[in-house]
Structure formats: C-alpha cells, structure tokens
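Listing of structure.pdb, PDB, C-alpha atoms
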MODEL        1
ATOM      1  CA  MET A   1      69.005  76.121 194.367
ATOM      2  CA  LEU A   2      66.803  79.183 194.540
ATOM      3  CA  VAL A   3      66.223  78.865 198.313
ATOM      4  CA  ASP A   4      68.390  77.905 201.286
ATOM      5  CA  PHE A   5      68.226  74.447 202.772
ATOM      6  CA  GLU A   6      67.149  76.089 206.010
ATOM      7  CA  VAL A   7      64.005  77.447 204.347
ATOM      8  CA  ILE A   8      63.118  73.983 203.069
ATOM      9  CA  LYS A   9      63.616  72.500 206.531
ATOM     10  CA  ARG A  10      61.364  75.175 208.003
ATOM     11  CA  ALA A  11      58.721  74.496 205.361
ATOM     12  CA  GLN A  12      58.908  70.802 206.217
ATOM     13  CA  ASN A  13      57.843  71.789 209.715
ATOM     14  CA  ARG A  14      54.727  73.473 208.284
ATOM     15  CA  ASP A  15      56.160  76.991 208.439
ATOM     16  CA  SER A  16      53.847  78.898 206.084
ATOM     17  CA  VAL A  17      56.265  81.820 205.686
ATOM     18  CA  ALA A  18      58.999  79.441 204.514
ATOM     19  CA  PHE A  19      56.580  77.693 202.170
ATOM     20  CA  ASN A  20      55.557  81.050 200.700
ATOM     21  CA  GLU A  21      59.207  81.819 200.130
ATOM     22  CA  ILE A  22      59.659  78.576 198.207
ATOM     23  CA  VAL A  23      56.578  79.200 196.060
ATOM     24  CA  LEU A  24      57.689  82.719 195.230
ATOM     25  CA  ALA A  25      61.179  81.523 194.308
ATOM     26  CA  TYR A  26      60.098  78.657 192.048
ATOM     27  CA  ARG A  27      56.759  79.901 190.782
ATOM     28  CA  LYS A  28      57.998  81.459 187.568
ATOM     29  CA  ARG A  29      60.173  78.488 186.639
ATOM     30  CA  ILE A  30      57.392  75.992 187.311
ATOM     31  CA  LEU A  31      54.859  78.061 185.394
ATOM     32  CA  GLY A  32      57.226  78.163 182.411
ATOM     33  CA  THR A  33      57.857  74.425 182.484
ATOM     34  CA  ILE A  34      54.147  73.658 182.710
ATOM     35  CA  THR A  35      53.392  76.077 179.879
ATOM     36  CA  ARG A  36      55.694  74.089 177.615
ATOM     37  CA  LEU A  37      54.565  70.703 178.886
ATOM     38  CA  ILE A  38      50.819  71.104 178.567
ATOM     39  CA  ALA A  39      50.664  73.765 175.840
ATOM     40  CA  ARG A  40      47.423  75.205 177.134
ATOM     41  CA  SER A  41      47.910  78.625 178.690
ATOM     42  CA  GLU A  42      44.500  78.894 180.352
ATOM     43  CA  ASP A  43      45.203  75.889 182.588
ATOM     44  CA  VAL A  44      48.831  76.611 183.443
ATOM     45  CA  GLU A  45      48.134  78.348 186.773
ATOM     46  CA  ASP A  46      45.755  75.622 187.822
ATOM     47  CA  VAL A  47      48.344  72.897 187.204
ATOM     48  CA  ALA A  48      51.081  74.975 188.883
ATOM     49  CA  GLN A  49      48.905  75.366 191.969
ATOM     50  CA  GLU A  50      48.358  71.621 191.973
ATOM     51  CA  VAL A  51      52.155  71.174 191.948
ATOM     52  CA  PHE A  52      52.628  73.442 194.974
ATOM     53  CA  LEU A  53      49.646  71.860 196.702
ATOM     54  CA  ARG A  54      51.239  68.430 196.305
ATOM     55  CA  LEU A  55      54.528  69.905 197.460
ATOM     56  CA  TYR A  56      52.925  71.264 200.626
ATOM     57  CA  PHE A  57      51.461  67.897 201.571
ATOM     58  CA  SER A  58      54.497  65.832 200.604
ATOM     59  CA  LEU A  59      57.343  67.969 201.933
ATOM     60  CA  ASP A  60      57.576  65.868 205.065
ATOM     61  CA  GLN A  61      58.472  62.870 202.891
ATOM     62  CA  LEU A  62      61.516  64.667 201.501
ATOM     63  CA  ARG A  63      64.528  62.992 203.084
ATOM     64  CA  THR A  64      67.118  65.701 202.475
ATOM     65  CA  PRO A  65      66.818  69.279 201.194
ATOM     66  CA  GLU A  66      69.563  68.495 198.651
ATOM     67  CA  VAL A  67      67.095  66.574 196.495
ATOM     68  CA  PHE A  68      64.444  69.285 196.663
ATOM     69  CA  GLU A  69      64.678  70.429 193.030
ATOM     70  CA  PRO A  70      64.405  66.965 191.442
ATOM     71  CA  TRP A  71      61.534  66.359 193.866
ATOM     72  CA  LEU A  72      59.762  69.509 192.716
ATOM     73  CA  TYR A  73      60.353  68.620 189.071
ATOM     74  CA  ARG A  74      58.960  65.156 189.683
ATOM     75  CA  LEU A  75      55.818  66.698 191.135
ATOM     76  CA  THR A  76      55.629  69.007 188.114
ATOM     77  CA  VAL A  77      56.028  66.145 185.654
ATOM     78  CA  ASN A  78      53.410  64.072 187.474
ATOM     79  CA  ALA A  79      50.912  66.936 187.636
ATOM     80  CA  ALA A  80      51.411  67.717 183.937
ATOM     81  CA  PHE A  81      51.029  64.056 183.065
ATOM     82  CA  ASP A  82      47.840  63.763 185.119
ATOM     83  CA  TYR A  83      46.477  66.861 183.422
ATOM     84  CA  LEU A  84      47.272  65.595 179.935
ATOM     85  CA  ARG A  85      45.825  62.190 180.694
ATOM     86  CA  LYS A  86      42.682  63.770 182.078
ATOM     87  CA  GLN A  87      42.273  66.019 179.118
ATOM     88  CA  ARG A  88      43.075  63.260 176.633
ATOM     89  CA  ARG A  89      44.650  65.960 174.623
ATOM     90  CA  ARG A  90      46.230  63.763 172.022
ATOM     91  CA  LEU A  91      46.865  66.288 169.351
ATOM     92  CA  GLU A  92      46.267  65.049 165.873
ATOM     93  CA  PHE A  93      49.302  64.600 163.780
ATOM     94  CA  ARG A  94      48.448  67.031 161.047
ATOM     95  CA  MET A  95      50.544  66.626 157.948
ATOM     96  CA  SER A  96      49.508  69.982 156.586
ATOM     97  CA  ASP A  97      51.130  71.776 159.534
ATOM     98  CA  LEU A  98      54.392  69.970 159.021
ATOM     99  CA  SER A  99      54.953  71.368 155.593
ATOM    100  CA  GLU A 100      54.474  74.837 156.986
ATOM    101  CA  GLN A 101      56.588  74.321 160.059
ATOM    102  CA  GLN A 102      59.840  73.969 158.144
ATOM    103  CA  VAL A 103      59.495  77.479 156.836
ATOM    104  CA  LEU A 104      58.367  78.829 160.188
ATOM    105  CA  MET A 105      61.227  77.137 161.974
ATOM    106  CA  ALA A 106      63.744  78.718 159.660
ATOM    107  CA  ASP A 107      62.220  82.118 160.397
ATOM    108  CA  ALA A 108      62.148  81.554 164.130
ATOM    109  CA  THR A 109      65.679  80.231 164.439
ATOM    110  CA  ALA A 110      67.302  82.730 162.118
ATOM    111  CA  GLY A 111      66.575  85.393 164.700
ATOM    112  CA  SER A 112      65.249  87.763 162.102
ATOM    113  CA  LYS A 113      62.498  90.093 163.228
ATOM    114  CA  VAL A 114      59.381  89.186 161.398
ATOM    115  CA  GLU A 115      56.436  91.469 161.282
ATOM    116  CA  HIS A 116      54.026  89.136 162.990
ATOM    117  CA  GLU A 117      56.262  87.707 165.678
ATOM    118  CA  GLU A 118      53.439  86.570 167.918
ATOM    119  CA  GLN A 119      51.759  84.815 165.046
ATOM    120  CA  THR A 120      54.980  83.005 164.228
ATOM    121  CA  LYS A 121      55.443  81.896 167.827
ATOM    122  CA  LYS A 122      51.922  80.595 167.890
ATOM    123  CA  LYS A 123      52.555  78.583 164.745
ATOM    124  CA  VAL A 124      55.792  77.168 166.196
ATOM    125  CA  ARG A 125      53.892  76.075 169.291
ATOM    126  CA  GLU A 126      51.220  74.453 167.164
ATOM    127  CA  SER A 127      53.806  72.702 165.019
ATOM    128  CA  VAL A 128      55.640  71.233 168.004
ATOM    129  CA  ASP A 129      52.348  70.185 169.552
ATOM    130  CA  SER A 130      51.409  68.445 166.316
ATOM    131  CA  LEU A 131      54.743  66.639 166.169
ATOM    132  CA  LEU A 132      54.501  65.551 169.795
ATOM    133  CA  GLY A 133      51.125  64.055 168.986
ATOM    134  CA  ALA A 134      53.156  61.159 167.542
ATOM    135  CA  VAL A 135      54.246  60.070 171.037
ATOM    136  CA  SER A 136      52.475  59.289 174.309
ATOM    137  CA  GLU A 137      51.883  61.900 177.012
ATOM    138  CA  ALA A 138      54.666  60.382 179.113
ATOM    139  CA  ASP A 139      57.163  60.492 176.237
ATOM    140  CA  ARG A 140      56.068  63.977 175.289
ATOM    141  CA  ILE A 141      56.917  65.180 178.787
ATOM    142  CA  LEU A 142      60.227  63.306 178.860
ATOM    143  CA  LEU A 143      61.251  64.684 175.478
ATOM    144  CA  LEU A 144      60.330  68.245 176.405
ATOM    145  CA  MET A 145      62.158  68.018 179.724
ATOM    146  CA  LYS A 146      65.283  66.944 177.877
ATOM    147  CA  GLU A 147      65.139  68.917 174.641
ATOM    148  CA  VAL A 148      63.302  72.074 175.637
ATOM    149  CA  GLU A 149      63.862  72.440 179.384
ATOM    150  CA  GLY A 150      67.463  71.375 178.873
ATOM    151  CA  LEU A 151      67.680  68.936 181.775
ATOM    152  CA  SER A 152      70.635  66.576 181.779
ATOM    153  CA  LEU A 153      70.327  62.797 181.863
ATOM    154  CA  LYS A 154      71.621  62.852 185.443
ATOM    155  CA  GLU A 155      68.850  65.248 186.468
ATOM    156  CA  LEU A 156      66.228  63.202 184.623
ATOM    157  CA  GLU A 157      67.533  60.095 186.337
ATOM    158  CA  LYS A 158      66.770  61.659 189.717
ATOM    159  CA  ILE A 159      63.338  62.839 188.613
ATOM    160  CA  TYR A 160      62.225  59.581 187.044
ATOM    161  CA  ASN A 161      64.081  57.283 189.442
ATOM    162  CA  VAL A 162      65.301  55.068 186.623
ATOM    163  CA  ASN A 163      68.797  54.343 185.361
ATOM    164  CA  GLU A 164      70.461  56.313 182.612
ATOM    165  CA  ASN A 165      70.358  53.529 180.040
ATOM    166  CA  ALA A 166      66.607  53.068 180.374
ATOM    167  CA  LEU A 167      66.169  56.812 179.948
ATOM    168  CA  LYS A 168      68.418  56.881 176.891
ATOM    169  CA  VAL A 169      66.457  54.088 175.229
ATOM    170  CA  ARG A 170      63.149  55.744 175.951
ATOM    171  CA  LEU A 171      64.363  59.138 174.766
ATOM    172  CA  PHE A 172      65.838  57.621 171.621
ATOM    173  CA  ARG A 173      62.602  55.858 170.725
ATOM    174  CA  ALA A 174      60.488  58.931 171.418
ATOM    175  CA  ARG A 175      62.797  61.098 169.356
ATOM    176  CA  GLN A 176      62.750  58.590 166.507
ATOM    177  CA  ARG A 177      58.968  58.714 166.416
ATOM    178  CA  VAL A 178      58.966  62.491 166.375
ATOM    179  CA  LEU A 179      61.698  62.521 163.728
ATOM    180  CA  LYS A 180      59.683  60.155 161.593
ATOM    181  CA  ALA A 181      56.712  62.487 161.825
ATOM    182  CA  PHE A 182      58.980  65.444 161.121
ATOM    183  CA  GLY A 183      60.538  63.718 158.102
ATOM    184  CA  ALA A 184      57.138  62.694 156.776
ATOM    185  CA  GLY A 185      56.069  66.326 156.899
ATOM    186  CA  GLY A 186      59.209  67.415 155.059
ATOM    187  CA  LYS A 187      58.763  64.794 152.351
ATOM    188  CA  LYS A 188      55.179  65.806 151.849
ATOM    189  CA  GLU A 189      56.296  69.365 151.419
ATOM    190  CA  GLY A 190      58.918  68.306 148.887
ATOM    191  CA  SER A 191      56.472  66.332 146.811
ATOM    192  CA  GLY A 192      53.670  68.889 147.118
TER     193      GLY A 192
ATOM    194  CA  MET B  13      75.275  65.257 155.500
ATOM    195  CA  SER B  14      72.649  62.513 155.642
ATOM    196  CA  MET B  15      68.955  63.232 155.464
ATOM    197  CA  ARG B  16      68.488  61.856 158.986
ATOM    198  CA  GLY B  17      71.190  64.108 160.426
ATOM    199  CA  ASN B  18      69.645  67.057 158.683
ATOM    200  CA  ASP B  19      66.244  66.282 160.199
ATOM    201  CA  ASP B  20      67.879  65.893 163.623
ATOM    202  CA  GLU B  21      69.336  69.366 163.423
ATOM    203  CA  LYS B  22      66.082  70.834 162.194
ATOM    204  CA  LEU B  23      64.205  69.173 165.012
ATOM    205  CA  ASP B  24      66.675  70.567 167.557
ATOM    206  CA  ALA B  25      66.201  74.012 166.039
ATOM    207  CA  LEU B  26      62.440  73.607 166.235
ATOM    208  CA  PHE B  27      62.675  72.666 169.908
ATOM    209  CA  ARG B  28      64.815  75.755 170.551
ATOM    210  CA  ALA B  29      62.252  77.882 168.742
ATOM    211  CA  TYR B  30      59.545  76.293 170.874
ATOM    212  CA  ARG B  31      61.471  77.247 174.021
ATOM    213  CA  ASP B  32      61.536  80.866 172.855
ATOM    214  CA  ALA B  33      57.908  80.754 171.764
ATOM    215  CA  CYS B  34      56.815  79.652 175.242
ATOM    216  CA  PRO B  35      58.498  82.031 177.682
ATOM    217  CA  ASP B  36      58.064  81.722 181.455
ATOM    218  CA  PRO B  37      54.774  83.509 182.173
ATOM    219  CA  GLU B  38      54.145  85.700 185.198
ATOM    220  CA  ALA B  39      51.715  84.458 187.804
ATOM    221  CA  SER B  40      48.477  86.349 188.262
ATOM    222  CA  ALA B  41      47.756  88.341 191.411
ATOM    223  CA  ASN B  42      45.371  85.631 192.578
ATOM    224  CA  PHE B  43      47.963  82.887 192.436
ATOM    225  CA  MET B  44      48.971  82.861 196.116
ATOM    226  CA  PRO B  45      45.497  83.466 197.630
ATOM    227  CA  THR B  46      44.020  80.704 195.456
ATOM    228  CA  LEU B  47      46.849  78.353 196.344
ATOM    229  CA  TRP B  48      46.363  78.898 200.085
ATOM    230  CA  ALA B  49      42.591  78.514 199.702
ATOM    231  CA  ARG B  50      43.189  75.153 198.020
ATOM    232  CA  ILE B  51      45.625  74.114 200.745
ATOM    233  CA  ASP B  52      43.101  75.057 203.453
ATOM    234  CA  SER B  53      40.327  73.239 201.634
ATOM    235  CA  ARG B  54      42.429  70.080 201.296
ATOM    236  CA  GLN B  55      43.480  70.332 204.934
ATOM    237  CA  THR B  56      39.843  70.614 206.056
ATOM    238  CA  PHE B  57      38.950  67.603 203.972
ATOM    239  CA  LEU B  58      41.855  65.592 205.353
ATOM    240  CA  PHE B  59      40.961  66.633 208.901
ATOM    241  CA  SER B  60      37.322  65.547 208.446
ATOM    242  CA  PHE B  61      38.415  62.306 206.844
ATOM    243  CA  ARG B  62      40.870  61.607 209.668
ATOM    244  CA  ARG B  63      38.173  62.334 212.251
ATOM    245  CA  MET B  64      35.745  59.992 210.499
ATOM    246  CA  ALA B  65      38.398  57.304 210.264
ATOM    247  CA  ASN B  66      39.169  57.697 213.988
ATOM    248  CA  ALA B  67      35.481  57.437 214.854
ATOM    249  CA  PHE B  68      35.190  54.329 212.728
ATOM    250  CA  VAL B  69      38.222  52.717 214.358
ATOM    251  CA  THR B  70      36.890  53.556 217.844
ATOM    252  CA  ALA B  71      33.475  52.097 217.008
ATOM    253  CA  ALA B  72      35.046  48.946 215.552
ATOM    254  CA  LEU B  73      37.213  48.551 218.646
ATOM    255  CA  ALA B  74      34.239  48.993 220.984
ATOM    256  CA  LEU B  75      32.239  46.453 218.997
ATOM    257  CA  SER B  76      35.107  43.946 219.136
ATOM    258  CA  ILE B  77      35.412  44.343 222.905
ATOM    259  CA  ALA B  78      31.656  43.970 223.369
ATOM    260  CA  LEU B  79      31.628  40.855 221.191
ATOM    261  CA  GLY B  80      34.580  39.430 223.093
ATOM    262  CA  VAL B  81      32.884  40.023 226.432
ATOM    263  CA  TYR B  82      29.655  38.487 225.140
ATOM    264  CA  LEU B  83      31.451  35.340 223.971
ATOM    265  CA  THR B  84      33.374  34.858 227.214
ATOM    266  CA  ILE B  85      30.285  35.080 229.482
ATOM    267  CA  PRO B  86      29.093  31.501 230.333
ATOM    268  CA  ARG B  87      25.647  30.546 229.015
ATOM    269  CA  SER B  88      22.831  30.369 231.644
ATOM    270  CA  THR B  89      21.285  27.132 230.192
ATOM    271  CA  PRO B  90      21.773  24.217 232.657
ATOM    272  CA  GLY B  91      24.592  21.865 231.942
ATOM    273  CA  SER B  92      25.854  23.774 228.925
ATOM    274  CA  GLY B  93      29.536  24.343 228.922
ATOM    275  CA  THR B  94      30.291  22.096 231.870
ATOM    276  CA  GLU B  95      29.463  18.633 230.522
ATOM    277  CA  THR B  96      31.714  16.698 228.230
ATOM    278  CA  TYR B  97      30.756  15.322 224.847
ATOM    279  CA  VAL B  98      30.331  11.807 226.263
ATOM    280  CA  GLU B  99      28.085  13.113 229.041
ATOM    281  CA  ALA B 100      25.972  15.014 226.545
ATOM    282  CA  LEU B 101      25.672  11.866 224.425
ATOM    283  CA  ALA B 102      24.648   9.823 227.422
ATOM    284  CA  ASP B 103      21.969  12.382 228.322
ATOM    285  CA  ALA B 104      20.577  12.278 224.818
ATOM    286  CA  ASN B 105      20.560   8.466 224.656
ATOM    287  CA  PRO B 106      19.745   6.975 228.110
ATOM    288  CA  LEU B 107      20.630   3.298 228.693
ATOM    289  CA  ASP B 108      17.018   2.190 228.846
ATOM    290  CA  ASN B 109      16.370   3.556 225.397
ATOM    291  CA  PRO B 110      15.874   0.575 223.035
ATOM    292  CA  ASP B 111      17.515   2.488 220.170
ATOM    293  CA  ILE B 112      20.936   1.748 221.562
ATOM    294  CA  VAL B 113      20.230  -1.981 221.679
ATOM    295  CA  SER B 114      21.435  -3.768 218.567
ATOM    296  CA  PRO B 115      18.770  -4.572 215.902
ATOM    297  CA  ALA B 116      19.568  -8.294 216.184
ATOM    298  CA  ALA B 117      18.748  -8.381 219.918
ATOM    299  CA  ARG B 118      15.425  -6.675 219.218
ATOM    300  CA  VAL B 119      14.488  -9.376 216.681
ATOM    301  CA  ASP B 120      15.242 -12.098 219.222
ATOM    302  CA  LEU B 121      12.932 -10.489 221.767
ATOM    303  CA  ASN B 122      10.115 -10.336 219.228
ATOM    304  CA  THR B 123      10.389 -13.990 218.212
ATOM    305  CA  ARG B 124      10.074 -15.273 221.755
TER     306      ARG B 124
ENDMDL
END
In structure tokens, write the structure found in this file.
Amino acid sequence: MLVDFEVIKRAQNRDSVAFNEIVLAYRKRILGTITRLIARSEDVEDVAQEVFLRLYFSLDQLRTPEVFEPWLYRLTVNAAFDYLRKQRRRLEFRMSDLSEQQVLMADATAGSKVEHEEQTKKKVRESVDSLLGAVSEADRILLLMKEVEGLSLKELEKIYNVNENALKVRLFRARQRVLKAFGAGGKKEGSG
Amino acid sequence: MSMRGNDDEKLDALFRAYRDACPDPEASANFMPTLWARIDSRQTFLFSFRRMANAFVTAALALSIALGVYLTIPRSTPGSGTETYVEALADANPLDNPDIVSPAARVDLNTR
C-alpha cells in the first residue's frame, strides 16, 4: 500500500486533502498501467483522470481500506476497457510486423545498447499491439495485467471477482491465440 | 525443446521488452487542476440532476395527493353514490313501464 488506511478512510469522508494524497501516491503507477493497456500516449492522462474521477465518486462504496488497491486496479481496467471499446481500436494483425518483431525482440531483451533505442522501443510497442490484435479488448487487458504488469492470479481474482480456474482458462485461451499469431509470424519469416 | 515452448519463451521475452518500452510516464502539471475541474463539473451535474429528481418526486407526490382528494370527495349529483344498484335499476325502469312486462302478456292485451 502506498498510503495509510487512515488516509483512505478520510478520503471516504470526502476529505479533499486525503484524496489528493491518494492521487499523488498512485498517479505514476496508474499512468504506467494505462500506457501499457491502451497503447496511445496522447490519451493516457485523460483515462487516468477518469480512473481517479470514478474513484472519487465510488470511494464510499469501498467496504474496507484493505481492498483499496484491487479496487483501484478494477477501476483502471474498466476505464481502459471502456476507452478501447469506444475507440474500437482493434489493431490489425499485420503479418509483416511479426517477421520483424523476432529480430527486434532479440535486440531488446539482450540488453545491448542499440543506436536507435527509442526507435526499437517504438517497434516493440507496435509489435505487441499487433499481436494483441488477435484477442478481444477484455482479453488484451487481462493478458497485459498478468504478463506485463506482473499481477498474480490471486490479485487478478480480486480485481475481476471471478475464481482462479475461470481466470486460468481465460488467460490460457488468450495466450494461445496470441501464441498462434506469434508463431504464424515466425513461420512466415522462416519461409520468406 | 519443442517449437511451442520456444514460442512461449519468446513471447514472454517480448512482453518483458514491452514493459521496458512503456515506462511509467510522469503526469503533466495540469493533471491535478484538470482532475479537480472534472470532479467539480460532475458534482455540479449530479447536484442539478438530484435537484430535478427531487422536484419531480415532489410534483408527483402533490399530484397523487390532489387526485386522491378529488376521488374521495362525494359527487354533487343527486342520488349518486348513495343508492344501491337495485335502486338505480328501479329508477331507470319504473313498474308502470310496459318494457318490463313480458312480451307474451303484451300480445294477450292486443288480441282482446
């Protein structure tokens, strides 16, 4: 927890100073998560503000401060999902990018300093976005929360309010679809 | 190692690379003022909506009471509300009215 339970309780009673404290503590983390979930930097602040706006008006529904973080993540996931659905940003699954991504991935993960680091990062982002175009917005978010944000199944269980088995099945299927797309890209590269 | 396992590892590596390629950004200076402006705006909207809803409920309540009072006040037309169904029927069809005499009796009268 980045803030004390007492601060959350004060914010629940519409204490604006306490609410400010919460926003300042979690702002960076939420901005980062949204950046990775929606992959559109110009709208990240807007979605993050929507998250904190929803938090402000729903804090009184929070039963105990102990579940604050899963609650905040749930709001983040919902806001990102609403954004993606609104934008209908189903990225096209571009086979040409997949052949390139294998090389880029090797560069990025090897830790070697390449000359155009920013360019490489951009390409990695585009590659992952292309791959995630193979799954729905909801599965994209779930997969990123697990694989990129590093949340455990227990944490995801609290966020999604579903049991672990259902989550495992959904994650497995989403990952299989992405893997299929990933493999198809690799094969194309091999034959090309 | 199988091809599938190899792809799994590569995908994990790609996700890790994605994490590094999308670092946590810093918020702009306008983040907090804009957030509070949005909160105020939403609060104003909710307040107006609540006030409108209250006015609507009050008006509906007043209308219900008025309608209730109107329905409970006895009608001023004579006899209405006090007479029974049988009495009302008797008023509408007095005994000297030939309509209540059976058709057969009427025929007998005519033949005489």
Fewer than 6 positions away in the same chain doesn't count, so skip those; otherwise give me all residues within 10 Å of Phe5 of chain A, counting only C-alpha atoms, as a list in words.
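In the requested format, the answer is Ala11, Thr64, Pro65, Glu66 and Phe68 of chain A.
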Work out how far atom CA of Ser127 of chain A is from atom CA of Leu26 of chain B, in Å to one decimal.
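Calculated distance between atom CA of Leu26 of chain B and atom CA of Ser127 of chain A is 8.8 Å.
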For the interface of chain B with chain A (cut-off 7 Å, counting all atoms listed in the file), please tabulate each contacting residue of chain B alongside its nearest pair of atoms and their separation in Å to one decimal, rows sorted by chain and increasing number, as CSV.
residue,atom,partner,partner_atom,distance
B:Asp19,CA,A:Gly183,CA,6.6
B:Ala25,CA,A:Thr109,CA,6.4
B:Leu26,CA,A:Met105,CA,5.7
B:Phe27,CA,A:Val148,CA,5.8
B:Arg28,CA,A:Val148,CA,6.5
B:Ala29,CA,A:Ala108,CA,5.9
B:Tyr30,CA,A:Arg125,CA,5.9
B:Arg31,CA,A:Val148,CA,5.7
B:Ala33,CA,A:Lys121,CA,4.8
B:Cys34,CA,A:Arg36,CA,6.2
B:Pro35,CA,A:Gly32,CA,6.2
B:Asp36,CA,A:Gly32,CA,3.8
B:Pro37,CA,A:Gly32,CA,5.9
B:Glu38,CA,A:Lys28,CA,6.2
B:Ala39,CA,A:Lys28,CA,7.0
B:Leu47,CA,A:Gln49,CA,5.7
B:Ile51,CA,A:Leu53,CA,6.1
How would the residues just chosen look if you wrote them out with C-alpha atoms as a tab-separated table (two decimals), keeping the file's coordinate frame?
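result08.tsv, written as the output of this step:
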chain	number	residue	atom	x	y	z
B	19	ASP	CA	66.24	66.28	160.20
B	25	ALA	CA	66.20	74.01	166.04
B	26	LEU	CA	62.44	73.61	166.24
B	27	PHE	CA	62.68	72.67	169.91
B	28	ARG	CA	64.82	75.76	170.55
B	29	ALA	CA	62.25	77.88	168.74
B	30	TYR	CA	59.54	76.29	170.87
B	31	ARG	CA	61.47	77.25	174.02
B	33	ALA	CA	57.91	80.75	171.76
B	34	CYS	CA	56.82	79.65	175.24
B	35	PRO	CA	58.50	82.03	177.68
B	36	ASP	CA	58.06	81.72	181.46
B	37	PRO	CA	54.77	83.51	182.17
B	38	GLU	CA	54.14	85.70	185.20
B	39	ALA	CA	51.72	84.46	187.80
B	47	LEU	CA	46.85	78.35	196.34
B	51	ILE	CA	45.62	74.11	200.74
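Going from atom CA of Leu167 of chain A to atom CA of Gln87 of chain A covers 25.6 Å.
Across the model, the gap from atom CA of Ser130 of chain A to atom CA of Ala79 of chain A is 21.4 Å.
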Run the PyMOL selection byres ((chain A and resi 60) around 9) on the file and write out the hits as a VMD selection string.
chain A and resid 11 to 14 56 to 59 61 to 63
When you look at Arg74 of chain A with a cut-off of 10 Å (counting all atoms listed in the file), what residues show up, excluding the ones that are within fewer than 5 positions of it in the same chain? I need them as a PyMOL selection string.
chain A and resi 51+68-69+79-80+156+158-161
Missing atoms in segment 48-71 of chain B: fill them in up to N, CA and C atoms and send the result as a JSON list (two decimals), keeping the file's coordinate frame.
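Output file out-v7.json follows:
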[["chain", "number", "residue", "atom", "x", "y", "z"],
["B", 48, "TRP", "N", 46.60, 79.11, 198.65],
["B", 48, "TRP", "CA", 46.36, 78.90, 200.08],
["B", 48, "TRP", "C", 44.93, 78.46, 200.36],
["B", 49, "ALA", "N", 43.99, 78.96, 199.55],
["B", 49, "ALA", "CA", 42.59, 78.51, 199.70],
["B", 49, "ALA", "C", 42.49, 77.02, 199.40],
["B", 50, "ARG", "N", 43.22, 76.58, 198.37],
["B", 50, "ARG", "CA", 43.19, 75.15, 198.02],
["B", 50, "ARG", "C", 43.85, 74.30, 199.10],
["B", 51, "ILE", "N", 44.94, 74.85, 199.67],
["B", 51, "ILE", "CA", 45.62, 74.11, 200.74],
["B", 51, "ILE", "C", 44.69, 73.98, 201.95],
["B", 52, "ASP", "N", 44.03, 75.09, 202.30],
["B", 52, "ASP", "CA", 43.10, 75.06, 203.45],
["B", 52, "ASP", "C", 41.96, 74.07, 203.21],
["B", 53, "SER", "N", 41.44, 74.12, 201.98],
["B", 53, "SER", "CA", 40.33, 73.24, 201.63],
["B", 53, "SER", "C", 40.74, 71.78, 201.75],
["B", 54, "ARG", "N", 41.93, 71.46, 201.24],
["B", 54, "ARG", "CA", 42.43, 70.08, 201.30],
["B", 54, "ARG", "C", 42.68, 69.67, 202.75],
["B", 55, "GLN", "N", 43.19, 70.63, 203.53],
["B", 55, "GLN", "CA", 43.48, 70.33, 204.93],
["B", 55, "GLN", "C", 42.19, 70.03, 205.70],
["B", 56, "THR", "N", 41.14, 70.83, 205.41],
["B", 56, "THR", "CA", 39.84, 70.61, 206.06],
["B", 56, "THR", "C", 39.30, 69.24, 205.71],
["B", 57, "PHE", "N", 39.43, 68.91, 204.43],
["B", 57, "PHE", "CA", 38.95, 67.60, 203.97],
["B", 57, "PHE", "C", 39.71, 66.47, 204.68],
["B", 58, "LEU", "N", 41.04, 66.63, 204.72],
["B", 58, "LEU", "CA", 41.86, 65.59, 205.35],
["B", 58, "LEU", "C", 41.53, 65.46, 206.83],
["B", 59, "PHE", "N", 41.28, 66.63, 207.47],
["B", 59, "PHE", "CA", 40.96, 66.63, 208.90],
["B", 59, "PHE", "C", 39.64, 65.90, 209.13],
["B", 60, "SER", "N", 38.63, 66.21, 208.31],
["B", 60, "SER", "CA", 37.32, 65.55, 208.45],
["B", 60, "SER", "C", 37.46, 64.05, 208.21],
["B", 61, "PHE", "N", 38.23, 63.71, 207.18],
["B", 61, "PHE", "CA", 38.42, 62.31, 206.84],
["B", 61, "PHE", "C", 39.10, 61.56, 207.99],
["B", 62, "ARG", "N", 40.13, 62.22, 208.56],
["B", 62, "ARG", "CA", 40.87, 61.61, 209.67],
["B", 62, "ARG", "C", 39.95, 61.41, 210.87],
["B", 63, "ARG", "N", 39.09, 62.42, 211.11],
["B", 63, "ARG", "CA", 38.17, 62.33, 212.25],
["B", 63, "ARG", "C", 37.17, 61.19, 212.06],
["B", 64, "MET", "N", 36.69, 61.07, 210.82],
["B", 64, "MET", "CA", 35.74, 59.99, 210.50],
["B", 64, "MET", "C", 36.42, 58.63, 210.65],
["B", 65, "ALA", "N", 37.65, 58.57, 210.18],
["B", 65, "ALA", "CA", 38.40, 57.30, 210.26],
["B", 65, "ALA", "C", 38.62, 56.94, 211.73],
["B", 66, "ASN", "N", 38.95, 57.95, 212.56],
["B", 66, "ASN", "CA", 39.17, 57.70, 213.99],
["B", 66, "ASN", "C", 37.89, 57.19, 214.65],
["B", 67, "ALA", "N", 36.77, 57.84, 214.28],
["B", 67, "ALA", "CA", 35.48, 57.44, 214.85],
["B", 67, "ALA", "C", 35.16, 55.99, 214.46],
["B", 68, "PHE", "N", 35.46, 55.69, 213.22],
["B", 68, "PHE", "CA", 35.19, 54.33, 212.73],
["B", 68, "PHE", "C", 36.04, 53.30, 213.47],
["B", 69, "VAL", "N", 37.31, 53.63, 213.66],
["B", 69, "VAL", "CA", 38.22, 52.72, 214.36],
["B", 69, "VAL", "C", 37.76, 52.53, 215.80],
["B", 70, "THR", "N", 37.36, 53.63, 216.45],
["B", 70, "THR", "CA", 36.89, 53.56, 217.84],
["B", 70, "THR", "C", 35.65, 52.67, 217.93],
["B", 71, "ALA", "N", 34.71, 52.88, 217.01],
["B", 71, "ALA", "CA", 33.48, 52.10, 217.01],
["B", 71, "ALA", "C", 33.77, 50.62, 216.78]]
